[in-house]
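**Student:** Okay, handing you the structure first.
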Amino acid sequence: MSVVYVLAGIFIFGFLVAIHELGHFLAARLCGVRVDEFSIGMGPCLWQRETEETQYSLRLLPIGGFCALGEDEEDTGDERCFAHQGFWKKLIILAAGSLMNLLAGMAVIACVFATASGFYLDQVAGFSEGFPLEGEEGLMVGDIFYKVDGWRTYLRGDAAMFLQFNDGRGVDLEVIRNGEKVVLKDLPMYRGTYDGAEGRFGLSVGAAMVPASLGTTLRFVVYQTLDFVQQVYFSLSQLIRGAVGLRDLSGPVGIVSTITEVGTSSKNAASAVKNIAMFGALIAVNLAVMNLLPIPALDGGRIFFLAVDAVSLALFRRKVPVRYQAAVNTACFVLLMGMMLLVTLKDISGLVIGS
């Protein structure tokens, strides 16, 4: 694993965590909430500057940062601490970190797409001999995929991915044909033997190019961002269904290994930078979405408790005790760290076996 790619992975992780914490910091400032410390990096302090209420720090390890809001100071009487804020201010501050990750991902995608000459969509390119559903009531060459089993096909490669996970008992498709949407519910496109290979659907997926323009580029920046968001939920759905497992998950070591693979498989240095940047955008959007899931110890879990408190106050005129929230957050944090350790050990063992 090249040192260059390891450093690229460290930079991506550090930047995304730092930009996440910057989101919390800027939102707190806009809401008039006191920030005790804003730090770039973790570990021993290399430099610091103190203002009247905030300490700014630069720390040794470039693996993120933190934004200390004085959240446990509810009994101090300081009306500007986070604990004393209302529902909407807390919600804005908690969600701002993920918003910054999402915007960072979109900015990277926009930079990569700025030089594109066109964008590609999945379309039906042809059929194997004996395919039974060719025609106006089924599929036709040139049909552009719009949805597969309810999942939107934003860009090239989506249709093949969603079809790969279909159980072969019929497919729900939406395609664009001659500019109009055609809905094909429970299409009996079962897996069979085509061209001498088993388990195929009997069609080939090609690409339709949409020429680039300013409007088209902006539209596909949004499409790519939404596609990354959808991939998170699709992966989670497959994890819940058992279609993927622990072996398919990656931690920091696995991600750096993927960065190395992306870089070394690129045809030149410029292509490597572009491909790694897009992978970094994928990670940024993943962090934005995952961090808003209602899982204790994440921002989404804290937002969930915030909503529970609001309902509890309205119905029972009391909040969920802080100690209970802290216990749940701590237990989930330990569980998440344990899962991360298992995934990391799996990634390391994979590298050792593959070397």
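Residues in the structure tokens are named by chain (A, B, ... in the order shown) and by number from 1 within that chain; ligands are numbered from 1 in the order shown.
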Quick check for you: according to DSSP on this backbone, which residues of range 65-274 of chain A are classed as alpha helix (DSSP H)? Reply as a PyMOL selection string.
**Tutor:** chain A and resi 87-113+158-164+214-241+252-265+269-274
**Student:** I'd like the contact shell of Asp195 in chain A - 12 Å cut-off, only C-alpha atoms, skipping same-chain residues fewer than 4 positions apart - returned as a count of residues only.
**Tutor:** 11
**Student:** Hey, what's within 9 Å of Phe305 in chain A if we count only C-alpha atoms and toss same-chain stuff fewer than 6 positions away? As a list in words, please?
**Tutor:**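 In the requested format, the answer is Pro294, Pro296, Val320 and Gln325 of chain A.
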**Student:** Ranking A:Ala326, A:Ile259, A:Ala28, A:Ala208 by minimum distance to Ala272 in chain A and counting only C-alpha atoms, which one comes first?
**Tutor:**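 Among the listed residues, A:Ile259 lies closest to Ala272 in chain A.
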**Student:** Give me the residues near Phe145 in chain A as a list in words, where near means some atom within 7 Å (using only C-alpha atoms) and where sequence neighbours in that chain fewer than 6 positions away do not count.
**Tutor:**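 Residues near the query, excluding close chain neighbours: Asp122, Gln123, Thr153, Ala159, Glu174, Val175 and Ile176 of chain A.
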**Student:** Could you check the closest approach to Glu21 in chain A for each of A:Asp299, A:Glu137, A:Glu261, A:Asp227 and tell me which residue wins, using only C-alpha atoms?
**Tutor:** A:Asp299
**Student:** Quick one: of A:Leu282, A:Ile19, A:Ala331, A:Ile93, who's nearest to Gly300 in chain A, counting only C-alpha atoms?
**Tutor:**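 Once distances to Gly300 in chain A are computed over only C-alpha atoms, the minimum belongs to A:Ile93.
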**Student:** Find the residue from A:Val232, A:Ile63, A:Leu214, A:Ile255 that sits nearest to Ser117 in chain A; use only C-alpha atoms when measuring.
**Tutor:**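 Smallest distance to Ser117 in chain A is found for A:Leu214.
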**Student:** Using DSSP assignments from the backbone, pull out every residue in range 142-297 of chain A that falls under strand (DSSP E or B) and give it to me as a compact mmCIF listing (two decimals) with C-alpha atoms, in the first residue's frame.
**Tutor:**
```
# COMPACT_ATOMS: atom_id res chain seq x y z
CA ILE A 144 -33.66 4.33 -20.81
CA PHE A 145 -33.88 2.88 -17.31
CA TYR A 146 -35.60 5.19 -14.83
CA LYS A 147 -36.29 2.85 -11.88
CA VAL A 148 -35.48 -0.77 -11.03
CA TRP A 151 -34.72 2.38 -6.94
CA ARG A 152 -33.96 5.38 -9.13
CA VAL A 171 -38.83 -7.10 -11.81
CA ASP A 172 -40.58 -3.76 -11.39
CA LEU A 173 -39.24 -1.43 -14.07
CA GLU A 174 -39.84 2.13 -15.17
CA VAL A 175 -38.24 3.19 -18.44
CA ILE A 176 -38.24 6.29 -20.59
CA ARG A 177 -39.37 5.46 -24.15
CA GLU A 180 -42.50 9.16 -22.07
CA LYS A 181 -42.38 7.07 -18.90
CA VAL A 182 -43.48 3.45 -19.26
CA VAL A 183 -44.27 1.49 -16.08
CA LEU A 184 -43.77 -2.28 -16.16
CA LYS A 185 -44.95 -3.75 -12.86
CA ASP A 186 -43.80 -7.24 -11.88
CA LEU A 187 -42.36 -7.90 -15.30
CA GLY A 192 -32.49 -18.13 -17.00
CA THR A 193 -29.77 -19.49 -19.26
CA TYR A 194 -28.83 -17.08 -22.00
CA ALA A 197 -24.56 -18.63 -18.99
CA GLU A 198 -26.98 -19.37 -16.14
CA GLY A 199 -28.70 -16.81 -13.94
CA ARG A 200 -28.94 -14.04 -16.54
CA LEU A 203 -30.68 -8.34 -21.82
CA SER A 204 -27.61 -6.15 -22.16
CA VAL A 205 -27.34 -2.71 -20.60
CA GLY A 206 -25.63 0.01 -22.61
CA ALA A 207 -25.11 3.73 -22.18
CA ALA A 208 -26.91 6.76 -23.56
CA MET A 209 -24.91 9.98 -23.49
CA VAL A 210 -26.37 13.35 -22.53
CA PRO A 211 -24.12 16.17 -23.85
```
